[in-house]
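**Q** First the structure, then my questions, so here it is.
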Amino acid sequence: MKKNWISYPYVVWMIIFTLVPLVLVIYYSVVSVTDNGIALTLQHFKKVFEPIYIIVFLRSIKLALISTAVCLVLGYPMAMILADRGLSKRNILIVLFVIPMWMNFLARTYAWMTLLEKNGPIETMLSNLGLPPLGILYTEKAVILGMVYNFLPFMVLPIYSVLSKTEKHIVEAAEDLGATPYIKFKRIIFPLSLPGVISGITMVFMPAVTTFVISELLGGSQYTLIGNLIERQFLGTMDWGFGSALSIVLMLLILLSMGVMSRYEKENEGGGLW
Amino acid sequence: MVTTFLKRIYTFIIFFFLYAPILVLIVFSFNNSKSRARWDGFTFKWYIELFNDQYIMASLYNTLMIALISSLAATFIGTAAAIGIHNMKGLSKKLVMNVTYLPVLNPDIVTGIALMMLFVFANMHRGFFTLLMAHITFSLPFVIMSVLPKMKQLNNQLYDAALDLGASPVYAYRRVVLPQIMPGVVTGFLLAFTLSIDDFVISFFTTGAGVSNLAITIYSMARRGIKPEINALLTIMFVSILLLLIIINNRMSKDSEREDKVK
Amino acid sequence: MKKVCCFVVFLIISAASVFLMSGCSESYKATIKVYNWGDYIDKDVLESFTTEHNIKVIYSEFATNEDMYAKLKAGGEDYDVVIPSDYMIKRMINDDILYKIDLNNIPNYKLIDDRFKNLAYDRENEYSVPYMWGTVGLLYNKKMVDDVVDSWSILWNEKYKKQILMLDSQRDSIGITLKMLGHSLNSKDEAQLEEAKEMLMDQKPLVLAYVGDAVKDKMIGGEAALAVVWSGDAIYMKRENPDLEYVIPKEGSNIWFDAMVIPKTSKNKKEAELFIDYMCRTDIALKNAEFIGFSTPHTEVKSQLPVELTSDKTVYPGVDDLSNSEVFEDLSDTLSIYDRIWTEIKAK
């Protein structure tokens, strides 16, 4: 298995469509347009580290981490269930799992607003049952709910794909040797599924950090997240330099933490530069 | 069995969570009032208006075409890439993986504007093709991240054994490697399709005059309020996908019955 | 894999053929590209333009002024007619990316009310022709608010804690606060802006949410008592829920305009002017005004609309109602201060 060449189309594609645009972003982040033309500057990066923007960074990362954790906790059992169904039915279930995500994001998020409203069905039901109201719309909890809802399939599917066709004989051997279900899970199933878990975490965490529409709609825009801030720099204030600097710092931050995470992965595949 | 019961309950709860908003959309597609805040009687008028709205229909066509082509292309390129990356060693592998993360890491707005600048710089006519290329670009990492874990699980000895038995490398890949990584490939395709069908920001900046997808059309409505026509459209999409699934399911179970008989 | 491969190739070829075929134009005299807000025109109007003048219209939509501007600025896009808002038009004029419109080619321009000419964003009427206009004001639910609503200061009333919806827009939220404090809503004075920031920070605990389009369903459904809204939406909300009432506070507010302009990238300026003139024709402007439901700057259209609509002060406030209201101007560099203030309010 030495044929690396089949990844060359991809490498070429990525150089054109990812690296070249990245160079552009880096360019914007280090120049400023003054009256006497274009000058190199670090002012955009200096601005990123002002306390007010650090708060925004921290809040975004916090919310993304919580959402990723909730996705993992909810998604792992779901992936296990999906992985051991009978084959024909299972494929249908997998597709059913992603279909809701094919309906327009904005329309779905509006639907969540309808569901969570003070006079909405959930609150009405709770009050009819004599239970206290949830009151989560326009709070951080609603933002987390929105993120979990939108990113859950990105956690479940990669874990499912790794769990399906996990080598059964290993699990059976463990059972024969008298492993309890807990030990079986901890020592065999979970470690075997780790590559899928890491893919899942990556695919949920990264988009969750940069999302901005969810916090605008479900959070009532009361919390500026890094995604909102970057979006405003590019469109509202037209400060592309600051916007680029923000996204580069964000990028480095996440790649660094991915690098730390990859140490836990024994084969060190899919790890970062660091 | 208690565990089976628990599994059923859990599956039901998760699926309910996923489908609750879809239910809301379906219900409000029949609402006489334009507002979601008020139920004003049952109507089909939004469906009629929908079919008369050529603009929405054209964007639906674009959306489906782009989603289908881009996710197939991304699955094809991405799966090949994953196989290649798996075989890479050392620095080059790490480098490629980090580049792979970039489109996921960049906020959509940055990717969108950067791609737009690239297309402007290359003097490319913006429209269907640039939209397609942008979609392939942001889908690729998700395909790779879905396939790579399966590659890691792969039993290399099987491939070598196939070669020893006289299979050509291509044949061995198709018959030995591919079936083993198939769940990852399918997953990658589904994720790519999901991302493409619902992308607004990157699409907005990479498309040109007259070519719009559903997401652009719907987001553009935001200032004046999203029309219930959209609910009607999503309901139709949803129901047709379900019907398609049922048909496929029936055919598949018939096939398996036939196989059983042959056995 | 082979099958998939063939399928992909097949699809790409078929898509390409569809694309190319749509590229070969039929025998139109010319083609113009129109760029507008979503759902902001009666699309039949576009078709009848094509039939009347044998000019094809390629129509696209945008969601915000800023989205549109970023795209236009990047270049390469040759739109002929764009419909942005006032402050954005000013910015585009400053950037020198708009053509001067030859009003001789737009005879119907005389039908536009003189009140809406010579405004701050285009003092000499050189670059733009008004399309729709409106105000920003307070919408309140009569059943939930028992105070007299005539001042922005009610948005700071503790009584309505968590029942207030603000606009998720820097310009509008900071603007009305400046107005309440007696300043201009185009203020570039840092001390005044600082004052407004403090006010908005104090207000934040009372605010239920900063919303955009969602305000409509919220107010109709009685989810909040008070909201800052655009007049065009207010008309619709009042119709859906009769308990709602709209006022322009006494301190004054913002009057906004969406107007038609011709970017310098246009290759068909003559046809673009023809289109603008067509949009100002009474029957066409009437169709659009009825479809959109916003206030029209067109004198004849106004007289043809139902009286109960034109007598409603929400839609058509009198000159004295607007005596201390202002139009947004381009803030250029001060925008980054606005953005910082907004971030500080939200980050708290």
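Residues in the structure tokens are named by chain (A, B, ... in the order shown) and by number from 1 within that chain; ligands are numbered from 1 in the order shown.
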List every residue of chain B that has an atom at most 6 Å from any atom of chain C, giving for each one its closest atom pair and the distance in Å to one decimal, counting only C-alpha atoms, sorted by chain and then by ascending residue number, as JSON lines.

**A**
```
{"residue": "B:Ser35", "atom": "CA", "partner": "C:Asp217", "partner_atom": "CA", "distance": 6.0}
{"residue": "B:Ala37", "atom": "CA", "partner": "C:Gly221", "partner_atom": "CA", "distance": 4.7}
{"residue": "B:Val120", "atom": "CA", "partner": "C:Gly76", "partner_atom": "CA", "distance": 5.8}
{"residue": "B:Ala209", "atom": "CA", "partner": "C:Ser60", "partner_atom": "CA", "distance": 5.8}
{"residue": "B:Gly210", "atom": "CA", "partner": "C:Ser60", "partner_atom": "CA", "distance": 5.2}
{"residue": "B:Tyr219", "atom": "CA", "partner": "C:Ala63", "partner_atom": "CA", "distance": 6.0}
{"residue": "B:Ser220", "atom": "CA", "partner": "C:Ala63", "partner_atom": "CA", "distance": 3.9}
{"residue": "B:Met221", "atom": "CA", "partner": "C:Gly38", "partner_atom": "CA", "distance": 4.5}
{"residue": "B:Ala222", "atom": "CA", "partner": "C:Asp213", "partner_atom": "CA", "distance": 5.9}
{"residue": "B:Arg223", "atom": "CA", "partner": "C:Asp213", "partner_atom": "CA", "distance": 5.7}
{"residue": "B:Gly225", "atom": "CA", "partner": "C:Asp213", "partner_atom": "CA", "distance": 6.0}
```

**Q** Please check the contacts: residues of chain A at most 7 Å away from chain B, using only C-alpha atoms, listed as a ChimeraX atom specification.

**A** /A:1-7,9-10,17-18,21,24-25,78,81,92,100-105,108,111-112,149,157-158,161-162,195-196,199,206-207,210,227,231,247,251,270-273

**Q** Using the selection just defined, write its residues with N, CA and C atoms as a CSV table (one decimal), in the first residue's frame.

**A**
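And here's part.csv as it stands now:
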```
chain,number,residue,atom,x,y,z
A,1,MET,N,0.8,-1.2,0.0
A,1,MET,CA,0.0,0.0,0.0
A,1,MET,C,0.9,1.2,0.0
A,2,LYS,N,1.5,1.5,-1.1
A,2,LYS,CA,2.4,2.7,-1.1
A,2,LYS,C,2.0,3.7,-2.1
A,3,LYS,N,0.8,3.6,-2.6
A,3,LYS,CA,0.3,4.4,-3.7
A,3,LYS,C,-0.2,5.8,-3.1
A,4,ASN,N,0.7,6.7,-2.8
A,4,ASN,CA,0.2,8.0,-2.3
A,4,ASN,C,-0.4,8.8,-3.4
A,5,TRP,N,0.0,8.5,-4.7
A,5,TRP,CA,-0.4,9.4,-5.8
A,5,TRP,C,-1.9,9.6,-5.9
A,6,ILE,N,-2.7,8.6,-5.3
A,6,ILE,CA,-4.1,8.8,-5.5
A,6,ILE,C,-4.7,10.0,-4.7
A,7,SER,N,-3.8,10.5,-3.8
A,7,SER,CA,-4.3,11.7,-3.0
A,7,SER,C,-3.9,13.0,-3.7
A,9,PRO,N,-4.8,14.5,-6.6
A,9,PRO,CA,-5.8,15.4,-7.0
A,9,PRO,C,-6.3,16.3,-5.8
A,10,TYR,N,-6.4,15.6,-4.7
A,10,TYR,CA,-6.9,16.3,-3.5
A,10,TYR,C,-5.9,17.4,-3.1
A,17,PHE,N,-7.6,25.9,-3.6
A,17,PHE,CA,-8.8,26.4,-3.0
A,17,PHE,C,-8.7,26.6,-1.5
A,18,THR,N,-7.6,26.2,-0.9
A,18,THR,CA,-7.5,26.4,0.5
A,18,THR,C,-6.3,27.2,0.8
A,21,PRO,N,-6.3,30.9,-0.9
A,21,PRO,CA,-7.2,31.8,-0.1
A,21,PRO,C,-6.6,32.1,1.3
A,24,LEU,N,-4.2,34.8,1.2
A,24,LEU,CA,-4.9,36.1,1.1
A,24,LEU,C,-5.3,36.6,2.5
A,25,VAL,N,-5.8,35.6,3.3
A,25,VAL,CA,-6.3,36.0,4.6
A,25,VAL,C,-5.1,36.5,5.4
A,78,MET,N,-26.2,6.5,20.7
A,78,MET,CA,-27.0,6.5,19.5
A,78,MET,C,-26.2,5.8,18.4
A,81,ILE,N,-26.2,2.1,19.1
A,81,ILE,CA,-27.5,1.5,18.7
A,81,ILE,C,-27.6,1.3,17.2
A,92,ILE,N,-31.5,2.6,6.4
A,92,ILE,CA,-32.6,3.6,6.4
A,92,ILE,C,-32.5,4.5,7.6
A,100,PRO,N,-33.3,15.5,8.6
A,100,PRO,CA,-33.7,16.8,9.2
A,100,PRO,C,-32.7,17.9,8.8
A,101,MET,N,-31.5,17.5,8.7
A,101,MET,CA,-30.4,18.5,8.4
A,101,MET,C,-30.5,19.0,6.9
A,102,TRP,N,-31.3,18.3,6.1
A,102,TRP,CA,-31.4,18.8,4.7
A,102,TRP,C,-32.4,19.9,4.6
A,103,MET,N,-33.3,20.0,5.6
A,103,MET,CA,-34.2,21.1,5.5
A,103,MET,C,-33.5,22.4,5.9
A,104,ASN,N,-33.9,23.5,5.3
A,104,ASN,CA,-33.1,24.7,5.5
A,104,ASN,C,-32.9,25.0,7.0
A,105,PHE,N,-31.6,25.4,7.2
A,105,PHE,CA,-31.1,25.7,8.6
A,105,PHE,C,-31.9,26.8,9.2
A,108,ARG,N,-35.4,25.7,10.1
A,108,ARG,CA,-35.4,24.9,11.3
A,108,ARG,C,-35.2,25.6,12.6
A,111,ALA,N,-38.2,27.3,13.6
A,111,ALA,CA,-39.1,26.4,14.2
A,111,ALA,C,-38.7,26.1,15.6
A,112,TRP,N,-37.4,26.1,16.0
A,112,TRP,CA,-37.1,25.9,17.4
A,112,TRP,C,-37.5,27.1,18.2
A,149,TYR,N,-28.3,20.4,18.3
A,149,TYR,CA,-29.3,19.9,17.3
A,149,TYR,C,-28.6,19.9,15.9
A,157,LEU,N,-22.4,10.0,13.1
A,157,LEU,CA,-22.0,9.3,11.9
A,157,LEU,C,-20.6,8.7,11.9
A,158,PRO,N,-19.6,9.6,12.2
A,158,PRO,CA,-18.2,9.0,12.2
A,158,PRO,C,-18.1,7.9,13.3
A,161,SER,N,-19.7,4.8,12.0
A,161,SER,CA,-19.0,4.1,10.9
A,161,SER,C,-17.8,3.3,11.4
A,162,VAL,N,-17.2,3.8,12.5
A,162,VAL,CA,-16.1,3.0,13.0
A,162,VAL,C,-16.6,1.8,13.8
A,195,PRO,N,-10.7,6.6,16.9
A,195,PRO,CA,-10.5,7.4,15.7
A,195,PRO,C,-11.8,8.1,15.3
A,196,GLY,N,-12.9,7.4,15.4
A,196,GLY,CA,-14.2,7.9,15.0
A,196,GLY,C,-14.6,9.0,16.0
A,199,SER,N,-12.6,12.1,15.1
A,199,SER,CA,-13.2,12.8,13.9
A,199,SER,C,-14.5,13.5,14.3
A,206,MET,N,-15.1,22.3,15.7
A,206,MET,CA,-14.7,23.4,14.8
A,206,MET,C,-15.8,24.2,14.3
A,207,PRO,N,-16.8,23.7,13.7
A,207,PRO,CA,-17.9,24.5,13.2
A,207,PRO,C,-18.6,25.2,14.4
A,210,THR,N,-17.2,28.6,15.3
A,210,THR,CA,-17.3,29.7,14.4
A,210,THR,C,-18.8,30.1,14.0
A,227,GLY,N,-17.6,34.1,16.0
A,227,GLY,CA,-18.2,34.0,14.6
A,227,GLY,C,-18.9,35.3,14.3
A,231,GLU,N,-17.7,38.0,11.4
A,231,GLU,CA,-18.7,38.3,10.4
A,231,GLU,C,-18.9,39.9,10.3
A,247,SER,N,-9.5,35.5,12.7
A,247,SER,CA,-9.7,34.1,12.2
A,247,SER,C,-8.4,33.4,12.2
A,251,MET,N,-7.7,30.0,14.3
A,251,MET,CA,-7.2,28.9,13.6
A,251,MET,C,-6.1,28.2,14.3
A,270,GLY,N,-3.8,11.8,11.7
A,270,GLY,CA,-4.8,12.9,11.7
A,270,GLY,C,-4.4,13.9,12.7
A,271,GLY,N,-3.2,13.8,13.2
A,271,GLY,CA,-2.8,14.8,14.2
A,271,GLY,C,-2.4,16.1,13.6
A,272,GLY,N,-2.0,17.1,14.5
A,272,GLY,CA,-1.6,18.4,14.0
A,272,GLY,C,-0.1,18.4,13.8
A,273,LEU,N,0.3,19.6,13.5
A,273,LEU,CA,1.7,19.8,13.3
A,273,LEU,C,2.5,19.8,14.6
```

**Q** Quick one: residues within 10 Å of region 251-258 of chain C, only C-alpha atoms counted, chain neighbours fewer than 4 positions away excluded, as a ChimeraX atom specification?

**A** /C:36-37,82-89,116,119,121,128-138,150-153,172,175-186,230-231,295-297,321-328

**Q** What residues in chain A lie within 7 Å of chain C, counting only C-alpha atoms, written as a list in words?

**A** Ile52, Ile55, Val56, Lys118, Tyr138, Gly220, Ser221, Gln222, Tyr223, Thr224, Leu235, Gly236 and Thr237 of chain A

**Q** Calculated over only C-alpha atoms, which of the candidates A:Ala107, A:Met125, A:Leu152, A:Ile170 has the smallest distance to Glu229 (chain B)?

**A**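 When distances to Glu229 (chain B) are compared using only C-alpha atoms, the smallest one comes from A:Ala107.
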
**Q** Would you return as a VMD selection string the members of region 130-250 of chain C that DSSP assigns to helix (DSSP H, G or I) on this structure's backbone?

**A** chain C and resid 152 to 156 158 to 160 170 to 180 190 to 206 215 to 220 231 to 240

**Q** What are the DSSP strand (DSSP E) residues of region 237-334 of chain C, as an NGL selection string?

**A** :C and (244-247 or 254-260 or 326-327)

**Q** Just to be explicit: take each residue in the selection above, keep N, CA, C and O atoms, and write the result as a PDB file, in the first residue's frame.

**A**
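Below is the file that was written, result_19.pdb:
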```pdb
ATOM      1  N   LEU C 244     -51.624  45.780  18.695  1.00  0.00           N
ATOM      2  CA  LEU C 244     -50.339  46.458  18.543  1.00  0.00           C
ATOM      3  C   LEU C 244     -50.519  47.874  18.018  1.00  0.00           C
ATOM      4  O   LEU C 244     -51.415  48.157  17.233  1.00  0.00           O
ATOM      5  N   GLU C 245     -49.672  48.764  18.493  1.00  0.00           N
ATOM      6  CA  GLU C 245     -49.706  50.139  18.018  1.00  0.00           C
ATOM      7  C   GLU C 245     -48.285  50.624  17.774  1.00  0.00           C
ATOM      8  O   GLU C 245     -47.341  50.185  18.431  1.00  0.00           O
ATOM      9  N   TYR C 246     -48.139  51.514  16.789  1.00  0.00           N
ATOM     10  CA  TYR C 246     -46.811  51.993  16.382  1.00  0.00           C
ATOM     11  C   TYR C 246     -46.707  53.493  16.588  1.00  0.00           C
ATOM     12  O   TYR C 246     -47.638  54.222  16.226  1.00  0.00           O
ATOM     13  N   VAL C 247     -45.618  53.936  17.179  1.00  0.00           N
ATOM     14  CA  VAL C 247     -45.411  55.383  17.309  1.00  0.00           C
ATOM     15  C   VAL C 247     -43.989  55.763  16.920  1.00  0.00           C
ATOM     16  O   VAL C 247     -43.058  54.974  17.078  1.00  0.00           O
ATOM     17  N   ASN C 254     -35.296  57.686  12.859  1.00  0.00           N
ATOM     18  CA  ASN C 254     -34.581  57.505  11.599  1.00  0.00           C
ATOM     19  C   ASN C 254     -35.597  57.334  10.472  1.00  0.00           C
ATOM     20  O   ASN C 254     -36.566  56.598  10.633  1.00  0.00           O
ATOM     21  N   ILE C 255     -35.423  58.079   9.376  1.00  0.00           N
ATOM     22  CA  ILE C 255     -36.214  57.798   8.176  1.00  0.00           C
ATOM     23  C   ILE C 255     -35.276  57.074   7.230  1.00  0.00           C
ATOM     24  O   ILE C 255     -34.150  57.519   7.011  1.00  0.00           O
ATOM     25  N   TRP C 256     -35.752  55.966   6.682  1.00  0.00           N
ATOM     26  CA  TRP C 256     -34.860  55.214   5.789  1.00  0.00           C
ATOM     27  C   TRP C 256     -35.427  55.166   4.378  1.00  0.00           C
ATOM     28  O   TRP C 256     -36.633  55.308   4.169  1.00  0.00           O
ATOM     29  N   PHE C 257     -34.534  54.980   3.458  1.00  0.00           N
ATOM     30  CA  PHE C 257     -34.906  54.865   2.055  1.00  0.00           C
ATOM     31  C   PHE C 257     -34.181  53.707   1.412  1.00  0.00           C
ATOM     32  O   PHE C 257     -33.036  53.437   1.736  1.00  0.00           O
ATOM     33  N   ASP C 258     -34.887  53.026   0.511  1.00  0.00           N
ATOM     34  CA  ASP C 258     -34.213  52.109  -0.391  1.00  0.00           C
ATOM     35  C   ASP C 258     -34.375  52.735  -1.759  1.00  0.00           C
ATOM     36  O   ASP C 258     -35.487  53.124  -2.135  1.00  0.00           O
ATOM     37  N   ALA C 259     -33.279  52.859  -2.477  1.00  0.00           N
ATOM     38  CA  ALA C 259     -33.352  53.561  -3.751  1.00  0.00           C
ATOM     39  C   ALA C 259     -32.570  52.821  -4.823  1.00  0.00           C
ATOM     40  O   ALA C 259     -31.673  52.038  -4.527  1.00  0.00           O
ATOM     41  N   MET C 260     -32.966  53.080  -6.074  1.00  0.00           N
ATOM     42  CA  MET C 260     -32.331  52.390  -7.195  1.00  0.00           C
ATOM     43  C   MET C 260     -31.102  53.152  -7.652  1.00  0.00           C
ATOM     44  O   MET C 260     -31.151  54.380  -7.818  1.00  0.00           O
ATOM     45  N   GLU C 326     -34.050  61.924  11.212  1.00  0.00           N
ATOM     46  CA  GLU C 326     -32.913  62.087  10.307  1.00  0.00           C
ATOM     47  C   GLU C 326     -32.725  60.863   9.426  1.00  0.00           C
ATOM     48  O   GLU C 326     -33.201  59.774   9.731  1.00  0.00           O
ATOM     49  N   VAL C 327     -31.973  61.070   8.358  1.00  0.00           N
ATOM     50  CA  VAL C 327     -31.580  59.967   7.480  1.00  0.00           C
ATOM     51  C   VAL C 327     -30.183  59.527   7.890  1.00  0.00           C
ATOM     52  O   VAL C 327     -29.357  60.349   8.274  1.00  0.00           O
TER      53      VAL C 327
END
```

**Q** Would you pick out the contacts of Glu123 (chain A) at 12 Å or less, using only C-alpha atoms, so that residues sharing its chain but fewer than 3 positions from it are not included, and give the list as a list in words?

**A**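 After dropping sequence-adjacent residues, the list is Met113, Thr114, Leu115, Leu116, Glu117, Lys118, Asn119, Gly120, Leu126, Ser127, Asn128, Leu129, Gly130, Leu131, Pro132, Pro133, Leu134, Gly135, Ile136 and Leu137 of chain A.
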
**Q** Excluding region 274-290 of chain C and its own-chain neighbours fewer than 2 positions away, which residues fall within 6 Å of it when counting only C-alpha atoms? Please give them as a list in words.

**A**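 My reading of the contact set: Ile41, Asp42, Ile106, Asn108, Glu271, Ala272, Ile292, Gly293 and Val301 of chain C.
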
**Q** Atoms to include: N, CA and C atoms. Write the selected residues as a compact mmCIF listing (two decimals), in the first residue's frame.

**A**
```txt
# COMPACT_ATOMS: atom_id res chain seq x y z
N ILE C 41 -40.03 42.75 -4.57
CA ILE C 41 -40.55 43.20 -5.86
C ILE C 41 -41.64 42.21 -6.26
N ASP C 42 -42.63 42.69 -6.98
CA ASP C 42 -43.62 41.78 -7.55
C ASP C 42 -42.97 41.21 -8.82
N ILE C 106 -35.35 59.51 -17.38
CA ILE C 106 -36.32 58.99 -16.41
C ILE C 106 -37.44 60.00 -16.25
N ASN C 108 -40.47 59.64 -15.59
CA ASN C 108 -41.37 59.37 -14.47
C ASN C 108 -40.84 59.86 -13.12
N GLU C 271 -30.18 50.93 -20.75
CA GLU C 271 -31.24 49.98 -20.41
C GLU C 271 -31.54 50.03 -18.92
N ALA C 272 -30.49 50.25 -18.12
CA ALA C 272 -30.69 50.35 -16.68
C ALA C 272 -31.59 51.54 -16.36
N ILE C 292 -45.41 44.76 -1.68
CA ILE C 292 -44.50 44.88 -0.54
C ILE C 292 -45.21 45.41 0.70
N GLY C 293 -46.08 46.37 0.51
CA GLY C 293 -46.82 46.91 1.65
C GLY C 293 -46.07 47.99 2.41
N VAL C 301 -49.17 56.88 -7.00
CA VAL C 301 -49.45 55.57 -6.41
C VAL C 301 -50.14 55.75 -5.07
```

**Q** Have a look at CA of Lys264 (chain C) and CA of Phe129 (chain B) and let me know their distance in Å, one decimal.

**A**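 These atoms are spaced 25.5 Å apart.
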
**Q** Looking at only C-alpha atoms, which of A:Pro121, A:Phe205, A:Leu82, A:Lys141 is the one that sits closest to Ile94 (chain A)?

**A**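 Closest candidate: A:Leu82.
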